[in-house]
$ cat query.pdb   # PDB, C-alpha atoms
ATOM      1  CA  GLY A 169     109.270 103.343  87.862
ATOM      2  CA  GLU A 170     112.010 100.736  87.719
ATOM      3  CA  ASN A 171     111.206  97.179  86.596
ATOM      4  CA  VAL A 172     113.643  94.312  87.243
ATOM      5  CA  GLU A 173     113.294  90.967  85.470
ATOM      6  CA  GLN A 174     115.161  87.927  86.816
ATOM      7  CA  HIS A 175     115.805  84.524  85.234
ATOM      8  CA  PRO A 176     115.603  81.644  85.770
ATOM      9  CA  SER A 177     113.044  81.266  88.547
ATOM     10  CA  THR A 178     114.559  77.899  89.525
ATOM     11  CA  LEU A 179     118.088  76.658  88.867
ATOM     12  CA  SER A 180     119.350  73.209  89.773
ATOM     13  CA  VAL A 181     123.077  72.490  89.447
ATOM     14  CA  GLN A 182     125.403  69.718  90.522
ATOM     15  CA  GLU A 183     127.662  70.447  93.467
ATOM     16  CA  GLY A 184     130.938  71.840  92.184
ATOM     17  CA  ASP A 185     129.429  73.245  88.991
ATOM     18  CA  SER A 186     128.835  76.931  88.271
ATOM     19  CA  ALA A 187     125.534  78.797  88.501
ATOM     20  CA  VAL A 188     124.548  81.927  86.602
ATOM     21  CA  ILE A 189     121.534  84.105  87.334
ATOM     22  CA  LYS A 190     120.590  86.982  85.032
ATOM     23  CA  CYS A 191     118.665  90.209  85.557
ATOM     24  CA  THR A 192     117.590  93.081  83.344
ATOM     25  CA  TYR A 193     116.416  96.503  84.431
ATOM     26  CA  SER A 194     114.371  99.168  82.696
ATOM     27  CA  ASP A 195     115.468 102.533  84.095
ATOM     28  CA  SER A 196     118.738 103.769  82.631
ATOM     29  CA  ALA A 197     119.119 106.061  85.676
ATOM     30  CA  SER A 198     119.652 103.042  87.950
ATOM     31  CA  ASN A 199     123.222 102.971  89.158
ATOM     32  CA  TYR A 200     123.425 100.442  91.983
ATOM     33  CA  PHE A 201     122.815  96.692  91.690
ATOM     34  CA  PRO A 202     122.996  94.454  94.770
ATOM     35  CA  TRP A 203     122.435  90.735  95.066
ATOM     36  CA  TYR A 204     120.820  89.215  98.141
ATOM     37  CA  LYS A 205     120.690  85.627  99.339
ATOM     38  CA  GLN A 206     117.698  84.583 101.410
ATOM     39  CA  GLU A 207     117.482  81.260 103.178
ATOM     40  CA  LEU A 208     114.108  79.929 104.267
ATOM     41  CA  GLY A 209     112.733  81.927 107.193
ATOM     42  CA  LYS A 210     115.707  84.312 107.291
ATOM     43  CA  ARG A 211     116.465  87.871 106.279
ATOM     44  CA  PRO A 212     117.884  88.817 102.875
ATOM     45  CA  GLN A 213     121.675  89.002 103.178
ATOM     46  CA  LEU A 214     123.783  91.112 100.856
ATOM     47  CA  ILE A 215     126.333  88.916  99.093
ATOM     48  CA  ILE A 216     127.758  91.279  96.493
ATOM     49  CA  ASP A 217     126.912  94.570  94.823
ATOM     50  CA  ILE A 218     128.110  96.616  91.878
ATOM     51  CA  ARG A 219     127.834 100.245  90.861
ATOM     52  CA  SER A 220     127.370 101.516  87.351
ATOM     53  CA  ASN A 221     130.922 102.815  87.036
ATOM     54  CA  VAL A 222     132.250  99.240  87.304
ATOM     55  CA  GLY A 223     131.834  96.389  84.805
ATOM     56  CA  GLU A 224     132.747  93.438  86.990
ATOM     57  CA  LYS A 225     133.352  92.661  90.642
ATOM     58  CA  LYS A 226     134.530  89.453  92.258
ATOM     59  CA  ASP A 227     134.558  88.152  95.817
ATOM     60  CA  GLN A 228     136.009  84.656  96.147
ATOM     61  CA  ARG A 229     133.523  82.280  94.437
ATOM     62  CA  ILE A 230     131.008  85.013  93.630
ATOM     63  CA  ALA A 231     131.184  87.515  90.803
ATOM     64  CA  VAL A 232     128.819  90.048  89.301
ATOM     65  CA  THR A 233     128.979  91.549  85.820
ATOM     66  CA  LEU A 234     127.155  94.623  84.568
ATOM     67  CA  ASN A 235     126.394  95.687  81.006
ATOM     68  CA  LYS A 236     124.995  99.223  81.188
ATOM     69  CA  THR A 237     124.340  99.472  77.472
ATOM     70  CA  ALA A 238     122.182  96.367  77.461
ATOM     71  CA  LYS A 239     120.837  97.089  80.952
ATOM     72  CA  HIS A 240     121.556  93.691  82.348
ATOM     73  CA  PHE A 241     123.641  92.245  85.145
ATOM     74  CA  SER A 242     124.462  88.713  86.196
ATOM     75  CA  LEU A 243     125.535  86.754  89.258
ATOM     76  CA  HIS A 244     128.087  83.990  88.825
ATOM     77  CA  ILE A 245     128.764  81.419  91.529
ATOM     78  CA  THR A 246     131.621  78.980  90.905
ATOM     79  CA  GLU A 247     132.387  75.677  92.656
ATOM     80  CA  THR A 248     128.896  75.564  94.141
ATOM     81  CA  GLN A 249     128.432  74.021  97.576
ATOM     82  CA  PRO A 250     125.308  72.715  99.382
ATOM     83  CA  GLU A 251     125.208  75.853 101.544
ATOM     84  CA  ASP A 252     124.707  77.937  98.403
ATOM     85  CA  SER A 253     121.160  76.542  98.173
ATOM     86  CA  ALA A 254     118.791  79.480  98.770
ATOM     87  CA  VAL A 255     116.688  82.074  96.966
ATOM     88  CA  TYR A 256     118.754  84.792  95.295
ATOM     89  CA  PHE A 257     117.321  88.223  94.532
ATOM     90  CA  CYS A 258     118.789  90.854  92.265
ATOM     91  CA  ALA A 259     117.810  94.468  92.809
ATOM     92  CA  ALA A 260     118.299  97.910  91.336
ATOM     93  CA  SER A 261     118.336 101.386  92.804
ATOM     94  CA  ILE A 262     118.514 104.849  91.305
ATOM     95  CA  GLY A 263     119.911 106.227  94.507
ATOM     96  CA  ALA A 264     122.485 108.941  95.023
ATOM     97  CA  GLY A 265     122.073 112.639  94.818
ATOM     98  CA  GLY A 266     118.653 113.586  95.930
ATOM     99  CA  GLY A 267     117.637 111.407  98.798
ATOM    100  CA  ALA A 268     117.371 107.818  99.859
ATOM    101  CA  ASP A 269     115.998 105.426  97.314
ATOM    102  CA  GLY A 270     114.510 102.027  97.930
ATOM    103  CA  LEU A 271     115.416  98.879  96.077
ATOM    104  CA  THR A 272     113.347  97.304  93.315
ATOM    105  CA  PHE A 273     113.795  93.537  93.429
ATOM    106  CA  GLY A 274     113.609  90.840  90.801
ATOM    107  CA  LYS A 275     111.250  87.938  91.462
ATOM    108  CA  GLY A 276     114.019  85.696  92.771
ATOM    109  CA  THR A 277     115.820  82.513  91.719
ATOM    110  CA  HIS A 278     115.569  79.354  93.785
ATOM    111  CA  LEU A 279     119.039  77.812  93.508
ATOM    112  CA  ILE A 280     119.221  74.114  94.298
ATOM    113  CA  ILE A 281     122.612  72.436  94.663
ATOM    114  CA  GLN A 282     122.361  68.714  93.954
ATOM    115  CA  PRO A 283     124.876  66.562  95.889
TER     116      PRO A 283
ATOM    117  CA  ASP B 111     126.814  96.877 116.825
ATOM    118  CA  THR B 112     126.496  95.964 113.156
ATOM    119  CA  GLU B 113     122.946  94.714 113.109
ATOM    120  CA  VAL B 114     119.436  95.835 112.423
ATOM    121  CA  THR B 115     117.066  94.397 115.019
ATOM    122  CA  GLN B 116     113.301  94.038 114.848
ATOM    123  CA  THR B 117     110.652  93.257 117.437
ATOM    124  CA  PRO B 118     108.511  91.306 117.794
ATOM    125  CA  LYS B 119     109.628  88.295 115.755
ATOM    126  CA  HIS B 120     106.059  87.090 115.367
ATOM    127  CA  LEU B 121     102.767  88.923 115.748
ATOM    128  CA  VAL B 122      99.200  87.678 115.492
ATOM    129  CA  MET B 123      96.464  90.291 115.501
ATOM    130  CA  GLY B 124      92.804  90.663 114.777
ATOM    131  CA  MET B 125      91.405  93.066 112.232
ATOM    132  CA  THR B 126      90.295  95.501 114.951
ATOM    133  CA  ASN B 127      93.580  95.540 116.863
ATOM    134  CA  LYS B 128      96.216  98.251 116.951
ATOM    135  CA  LYS B 129      99.820  97.089 117.141
ATOM    136  CA  SER B 130     103.289  98.416 116.351
ATOM    137  CA  LEU B 131     106.418  96.943 114.817
ATOM    138  CA  LYS B 132     109.776  98.235 115.972
ATOM    139  CA  CYS B 133     113.111  98.460 114.193
ATOM    140  CA  GLU B 134     116.399  99.595 115.692
ATOM    141  CA  GLN B 135     119.934 100.120 114.445
ATOM    142  CA  HIS B 136     122.984 101.546 116.192
ATOM    143  CA  MET B 137     125.271 101.835 113.187
ATOM    144  CA  GLY B 138     124.686 105.570 112.767
ATOM    145  CA  HIS B 139     122.747 104.951 109.558
ATOM    146  CA  ARG B 140     120.614 107.890 108.461
ATOM    147  CA  ALA B 141     118.276 106.147 106.027
ATOM    148  CA  MET B 142     115.769 103.509 107.093
ATOM    149  CA  TYR B 143     113.254 101.496 105.113
ATOM    150  CA  TRP B 144     110.181  99.312 105.518
ATOM    151  CA  TYR B 145     109.556  96.444 103.088
ATOM    152  CA  LYS B 146     106.745  93.901 102.928
ATOM    153  CA  GLN B 147     107.471  90.353 101.750
ATOM    154  CA  LYS B 148     104.788  87.798 100.961
ATOM    155  CA  ALA B 149     105.676  84.099 100.776
ATOM    156  CA  LYS B 150     107.747  83.154  97.724
ATOM    157  CA  LYS B 151     107.830  86.803  96.566
ATOM    158  CA  PRO B 152     110.486  89.506  96.622
ATOM    159  CA  PRO B 153     110.477  92.309  99.206
ATOM    160  CA  GLU B 154     108.330  95.290  98.180
ATOM    161  CA  LEU B 155     109.250  98.793  99.284
ATOM    162  CA  MET B 156     106.714 100.538 101.540
ATOM    163  CA  PHE B 157     108.421 103.576 103.098
ATOM    164  CA  VAL B 158     111.762 105.350 103.125
ATOM    165  CA  TYR B 159     113.009 107.674 105.865
ATOM    166  CA  SER B 160     115.931 109.937 105.121
ATOM    167  CA  TYR B 161     117.422 111.865 108.059
ATOM    168  CA  GLU B 162     114.290 111.022 110.072
ATOM    169  CA  LYS B 163     111.972 112.496 107.468
ATOM    170  CA  LEU B 164     109.607 110.465 105.335
ATOM    171  CA  SER B 165     110.918 110.734 101.788
ATOM    172  CA  ILE B 166     109.107 107.919  99.987
ATOM    173  CA  ASN B 167     105.659 106.413 100.536
ATOM    174  CA  GLU B 168     104.930 103.800  97.897
ATOM    175  CA  SER B 169     101.139 104.329  97.904
ATOM    176  CA  VAL B 170     100.734 102.263 101.051
ATOM    177  CA  PRO B 171      97.219 102.164 102.609
ATOM    178  CA  SER B 172      96.718 104.460 105.591
ATOM    179  CA  ARG B 173      96.185 101.488 107.907
ATOM    180  CA  PHE B 174     100.010 101.362 107.895
ATOM    181  CA  SER B 175     101.531 104.394 109.598
ATOM    182  CA  PRO B 176     105.318 104.789 109.853
ATOM    183  CA  GLU B 177     107.131 106.817 112.468
ATOM    184  CA  CYS B 178     110.795 107.676 112.963
ATOM    185  CA  PRO B 179     111.199 109.017 116.522
ATOM    186  CA  ASN B 180     114.988 109.353 116.221
ATOM    187  CA  SER B 181     117.857 108.337 113.990
ATOM    188  CA  SER B 182     118.090 104.838 115.505
ATOM    189  CA  LEU B 183     114.440 103.860 115.649
ATOM    190  CA  LEU B 184     111.753 103.164 113.092
ATOM    191  CA  ASN B 185     108.218 102.095 113.952
ATOM    192  CA  LEU B 186     105.353 100.830 111.861
ATOM    193  CA  HIS B 187     101.941 101.351 113.445
ATOM    194  CA  LEU B 188      99.219  98.962 112.333
ATOM    195  CA  HIS B 189      95.483  99.523 112.599
ATOM    196  CA  ALA B 190      92.436  97.821 111.075
ATOM    197  CA  LEU B 191      94.544  95.450 108.983
ATOM    198  CA  GLN B 192      93.136  92.886 106.579
ATOM    199  CA  PRO B 193      94.062  89.178 106.346
ATOM    200  CA  GLU B 194      95.874  89.910 103.061
ATOM    201  CA  ASP B 195      98.280  92.110 105.026
ATOM    202  CA  SER B 196      99.750  88.978 106.573
ATOM    203  CA  ALA B 197     103.408  88.913 105.523
ATOM    204  CA  LEU B 198     106.993  89.271 106.674
ATOM    205  CA  TYR B 199     107.746  92.934 107.401
ATOM    206  CA  LEU B 200     111.396  93.768 106.902
ATOM    207  CA  CYS B 201     113.233  96.829 108.087
ATOM    208  CA  ALA B 202     116.491  97.917 106.451
ATOM    209  CA  SER B 203     118.993 100.719 106.916
ATOM    210  CA  SER B 204     121.767 102.333 104.917
ATOM    211  CA  GLN B 205     124.596 104.621 105.979
ATOM    212  CA  ASP B 206     123.165 107.720 104.412
ATOM    213  CA  PRO B 207     120.711 108.551 101.631
ATOM    214  CA  ARG B 208     123.538 108.650  99.103
ATOM    215  CA  THR B 209     124.864 105.216 100.081
ATOM    216  CA  ASP B 210     122.667 102.524  98.690
ATOM    217  CA  THR B 211     123.982  99.465 100.561
ATOM    218  CA  GLN B 212     121.018  98.338 102.628
ATOM    219  CA  TYR B 213     121.197  95.911 105.523
ATOM    220  CA  PHE B 214     118.071  94.045 106.526
ATOM    221  CA  GLY B 215     116.704  93.143 109.922
ATOM    222  CA  PRO B 216     115.338  89.632 110.593
ATOM    223  CA  GLY B 217     111.758  90.756 110.027
ATOM    224  CA  THR B 218     108.470  90.466 111.879
ATOM    225  CA  ARG B 219     106.150  87.729 110.684
ATOM    226  CA  LEU B 220     102.661  89.182 110.899
ATOM    227  CA  THR B 221      99.463  87.160 110.797
ATOM    228  CA  VAL B 222      96.127  88.985 110.618
ATOM    229  CA  LEU B 223      93.123  86.905 111.592
TER     230      LEU B 223
END
$ encode --input "query.pdb" --output "structure tokens"
Amino acid sequence: GENVEQHPSTLSVQEGDSAVIKCTYSDSASNYFPWYKQELGKRPQLIIDIRSNVGEKKDQRIAVTLNKTAKHFSLHITETQPEDSAVYFCAASIGAGGGADGLTFGKGTHLIIQP
Amino acid sequence: DTEVTQTPKHLVMGMTNKKSLKCEQHMGHRAMYWYKQKAKKPPELMFVYSYEKLSINESVPSRFSPECPNSSLLNLHLHALQPEDSALYLCASSQDPRTDTQYFGPGTRLTVL
């Protein structure tokens, strides 16, 4: 089955600086890569996703890049703000063509924004 | 309605009890999922329903029994649970089995005594 590795487990950055979280996946058939943000005691919330036919996607301060050859994808947050503090999970899914597929998650990154 | 809802929010049960978790969505989504999340860990997939049929069961013990009565509802029946089953149980849905974007409900925090 799919295996997703995520690094770092904890990331502390100064407010206003950028944060980068990296993930690798094992199954070359995976074709969908979402990122979720989870605040303490709350549900995971989708913040951005990318499909394997795209190399990069951006939404305001958040961007995701995908390297299919190397089987890794990254989340980039620019101009970090205190409300960005949370646990971020990457995930991968084989999906499409054959039935619903669940997500395999990385272990998570605790992002701390220092004021 | 653009939300996935779950009831109850919290549940405490003994090891001999039978209880059920409920998940509902009115977005017309045709795929629904159960995940289990332990503290400081990522969600782990338990079951997938595609067009109201169970399509994936990730080797979950039989004390967890899913049910999809219709396209909007997903239940998880619990019986003879163990203390290690205490966790946050998350439901998610996606538009159809070919669309991977999954939206999560708020979860039910389960404590087994």
$ interface_residues --input "query.pdb" --of "chain B" --to "chain A" --cutoff "9 Å" --atoms "all atoms listed in the file" --output "number ranges by chain"
B: 141-143, 150-160, 165-166, 200, 204, 206-217
$ atom_distance --input "query.pdb" --atom1 "atom CA of B:Ala190" --atom2 "atom CA of B:Val122"
13.0 Å
$ atom_distance --input "query.pdb" --atom1 "atom CA of A:Glu173" --atom2 "atom CA of B:Trp144"
21.9 Å
$ atom_distance --input "query.pdb" --atom1 "atom CA of A:His175" --atom2 "atom CA of A:Gln228"
23.0 Å
$ residues_near_point --input "query.pdb" --point "(119.5, 96.6, 113.3)" --cutoff "7 Å" --atoms "only C-alpha atoms" --output "list in words"
Glu113, Val114, Thr115, Gln116, Cys133, Glu134, Gln135, His136 and Gly215 of chain B
$ closest_residue --input "query.pdb" --among "B:His120, B:Gln147, B:Glu168, B:Leu220" --to "B:Leu188" --atoms "only C-alpha atoms"
B:Leu220
$ resolve_selection --input "query.pdb" --expression "the PyMOL selection byres ((chain A and resi 185-196) around 8)" --output "short mmCIF file (atom, residue, chain, number, x, y, z; two decimals) with C-alpha atoms, in the coordinates of the input"
data_model
loop_
_atom_site.label_atom_id
_atom_site.label_comp_id
_atom_site.auth_asym_id
_atom_site.auth_seq_id
_atom_site.Cartn_x
_atom_site.Cartn_y
_atom_site.Cartn_z
CA GLY A 169 109.27 103.34 87.86
CA GLU A 170 112.01 100.74 87.72
CA ASN A 171 111.21 97.18 86.60
CA VAL A 172 113.64 94.31 87.24
CA GLU A 173 113.29 90.97 85.47
CA GLN A 174 115.16 87.93 86.82
CA HIS A 175 115.80 84.52 85.23
CA PRO A 176 115.60 81.64 85.77
CA LEU A 179 118.09 76.66 88.87
CA VAL A 181 123.08 72.49 89.45
CA GLN A 182 125.40 69.72 90.52
CA GLU A 183 127.66 70.45 93.47
CA GLY A 184 130.94 71.84 92.18
CA ALA A 197 119.12 106.06 85.68
CA SER A 198 119.65 103.04 87.95
CA ASN A 199 123.22 102.97 89.16
CA LYS A 236 125.00 99.22 81.19
CA LYS A 239 120.84 97.09 80.95
CA HIS A 240 121.56 93.69 82.35
CA PHE A 241 123.64 92.24 85.14
CA SER A 242 124.46 88.71 86.20
CA LEU A 243 125.54 86.75 89.26
CA HIS A 244 128.09 83.99 88.82
CA ILE A 245 128.76 81.42 91.53
CA THR A 246 131.62 78.98 90.90
CA GLU A 247 132.39 75.68 92.66
CA THR A 248 128.90 75.56 94.14
CA CYS A 258 118.79 90.85 92.26
CA ALA A 260 118.30 97.91 91.34
CA GLY A 274 113.61 90.84 90.80
CA THR A 277 115.82 82.51 91.72
#
$ axis_aligned_box --input "query.pdb" --around "stretch 199-217 of chain B" --padding-each-side "6 Å" --output "JSON"
{"center_x": 116.3, "center_y": 99.1, "center_z": 104.6, "size_x": 29.1, "size_y": 31.0, "size_z": 23.9}
$ closest_residue --input "query.pdb" --among "B:His187, B:Lys146, B:Arg140, B:Lys119" --to "B:Phe174" --atoms "all atoms listed in the file"
B:His187
$ resolve_selection --input "query.pdb" --expression "the PyMOL selection byres ((chain B and resi 192-196) around 8)" --output "PyMOL selection string"
chain B and resi 125+148+190-191+197-198+219-223
$ resolve_selection --input "query.pdb" --expression "the PyMOL selection byres ((chain B and resi 178-180) around 9)" --output "list in words"
Met142, Tyr159, Tyr161, Glu162, Lys163, Leu164, Pro176, Glu177, Ser181, Ser182, Leu183, Leu184, Asn185 and Leu186 of chain B
$ decode --input "query.pdb" --residues "stretch 153-164 of chain B" --atoms "all heavy atoms" --output "tab-separated table (two decimals), in the first residue's frame"
chain	number	residue	atom	x	y	z
B	153	PRO	N	-5.04	10.92	10.77
B	153	PRO	CA	-6.22	10.07	10.57
B	153	PRO	C	-5.83	8.77	9.85
B	153	PRO	O	-4.98	8.77	8.96
B	153	PRO	CB	-7.14	10.92	9.69
B	153	PRO	CG	-6.67	12.33	9.90
B	153	PRO	CD	-5.20	12.23	10.12
B	154	GLU	N	-6.48	7.68	10.26
B	154	GLU	CA	-6.24	6.38	9.62
B	154	GLU	C	-7.56	5.89	9.02
B	154	GLU	O	-8.58	5.85	9.70
B	154	GLU	CB	-5.77	5.34	10.64
B	154	GLU	CG	-4.38	5.59	11.19
B	154	GLU	CD	-3.98	4.52	12.20
B	154	GLU	OE1	-4.75	3.56	12.41
B	154	GLU	OE2	-2.89	4.66	12.79
B	155	LEU	N	-7.51	5.51	7.75
B	155	LEU	CA	-8.70	5.07	7.05
B	155	LEU	C	-9.24	3.76	7.64
B	155	LEU	O	-8.47	2.83	7.90
B	155	LEU	CB	-8.39	4.86	5.58
B	155	LEU	CG	-9.56	4.46	4.67
B	155	LEU	CD1	-10.57	5.60	4.58
B	155	LEU	CD2	-9.06	4.07	3.30
B	156	MET	N	-10.57	3.73	7.85
B	156	MET	CA	-11.22	2.50	8.33
B	156	MET	C	-12.07	1.88	7.22
B	156	MET	O	-11.90	0.72	6.87
B	156	MET	CB	-12.09	2.81	9.54
B	156	MET	CG	-11.37	3.38	10.74
B	156	MET	SD	-12.51	3.84	12.06
B	156	MET	CE	-13.01	2.24	12.68
B	157	PHE	N	-13.02	2.67	6.71
B	157	PHE	CA	-13.98	2.16	5.72
B	157	PHE	C	-14.24	3.20	4.65
B	157	PHE	O	-14.17	4.40	4.91
B	157	PHE	CB	-15.34	1.84	6.38
B	157	PHE	CG	-15.28	0.84	7.51
B	157	PHE	CD1	-15.38	1.27	8.82
B	157	PHE	CD2	-15.13	-0.51	7.24
B	157	PHE	CE1	-15.34	0.36	9.87
B	157	PHE	CE2	-15.09	-1.43	8.27
B	157	PHE	CZ	-15.19	-1.00	9.59
B	158	VAL	N	-14.58	2.69	3.45
B	158	VAL	CA	-15.00	3.55	2.36
B	158	VAL	C	-16.30	3.00	1.79
B	158	VAL	O	-16.41	1.81	1.51
B	158	VAL	CB	-13.96	3.61	1.22
B	158	VAL	CG1	-14.44	4.52	0.10
B	158	VAL	CG2	-12.61	4.07	1.74
B	159	TYR	N	-17.29	3.89	1.61
B	159	TYR	CA	-18.53	3.55	0.94
B	159	TYR	C	-18.59	4.32	-0.37
B	159	TYR	O	-18.39	5.53	-0.41
B	159	TYR	CB	-19.75	3.89	1.80
B	159	TYR	CG	-20.16	2.78	2.71
B	159	TYR	CD1	-19.53	2.62	3.95
B	159	TYR	CD2	-21.15	1.87	2.35
B	159	TYR	CE1	-19.90	1.58	4.79
B	159	TYR	CE2	-21.52	0.83	3.19
B	159	TYR	CZ	-20.88	0.70	4.40
B	159	TYR	OH	-21.24	-0.34	5.24
B	160	SER	N	-18.88	3.57	-1.43
B	160	SER	CA	-19.00	4.17	-2.75
B	160	SER	C	-20.38	3.83	-3.29
B	160	SER	O	-20.70	2.65	-3.44
B	160	SER	CB	-17.89	3.59	-3.66
B	160	SER	OG	-18.05	4.01	-4.98
B	161	TYR	N	-21.19	4.84	-3.56
B	161	TYR	CA	-22.57	4.63	-3.99
B	161	TYR	C	-23.30	3.67	-3.04
B	161	TYR	O	-23.96	2.73	-3.47
B	161	TYR	CB	-22.63	4.13	-5.44
B	161	TYR	CG	-22.22	5.18	-6.44
B	161	TYR	CD1	-20.93	5.20	-6.95
B	161	TYR	CD2	-23.11	6.17	-6.85
B	161	TYR	CE1	-20.54	6.20	-7.85
B	161	TYR	CE2	-22.73	7.16	-7.75
B	161	TYR	CZ	-21.44	7.16	-8.24
B	161	TYR	OH	-21.05	8.14	-9.13
B	162	GLU	N	-23.12	3.93	-1.75
B	162	GLU	CA	-23.81	3.20	-0.67
B	162	GLU	C	-23.37	1.76	-0.54
B	162	GLU	O	-24.00	0.99	0.20
B	162	GLU	CB	-25.33	3.29	-0.84
B	162	GLU	CG	-25.84	4.71	-0.74
B	162	GLU	CD	-26.98	5.01	-1.71
B	162	GLU	OE1	-28.00	4.34	-1.62
B	162	GLU	OE2	-26.81	5.92	-2.56
B	163	LYS	N	-22.31	1.38	-1.20
B	163	LYS	CA	-21.78	0.03	-1.06
B	163	LYS	C	-20.38	0.09	-0.44
B	163	LYS	O	-19.57	0.93	-0.82
B	163	LYS	CB	-21.72	-0.67	-2.41
B	163	LYS	CG	-23.07	-1.09	-2.96
B	163	LYS	CD	-22.92	-1.87	-4.24
B	163	LYS	CE	-24.20	-2.54	-4.71
B	163	LYS	NZ	-25.42	-1.82	-4.44
B	164	LEU	N	-20.12	-0.83	0.48
B	164	LEU	CA	-18.82	-0.87	1.11
B	164	LEU	C	-17.78	-1.29	0.08
B	164	LEU	O	-17.87	-2.37	-0.51
B	164	LEU	CB	-18.83	-1.87	2.27
B	164	LEU	CG	-17.54	-1.97	3.09
B	164	LEU	CD1	-17.25	-0.66	3.82
B	164	LEU	CD2	-17.64	-3.12	4.09
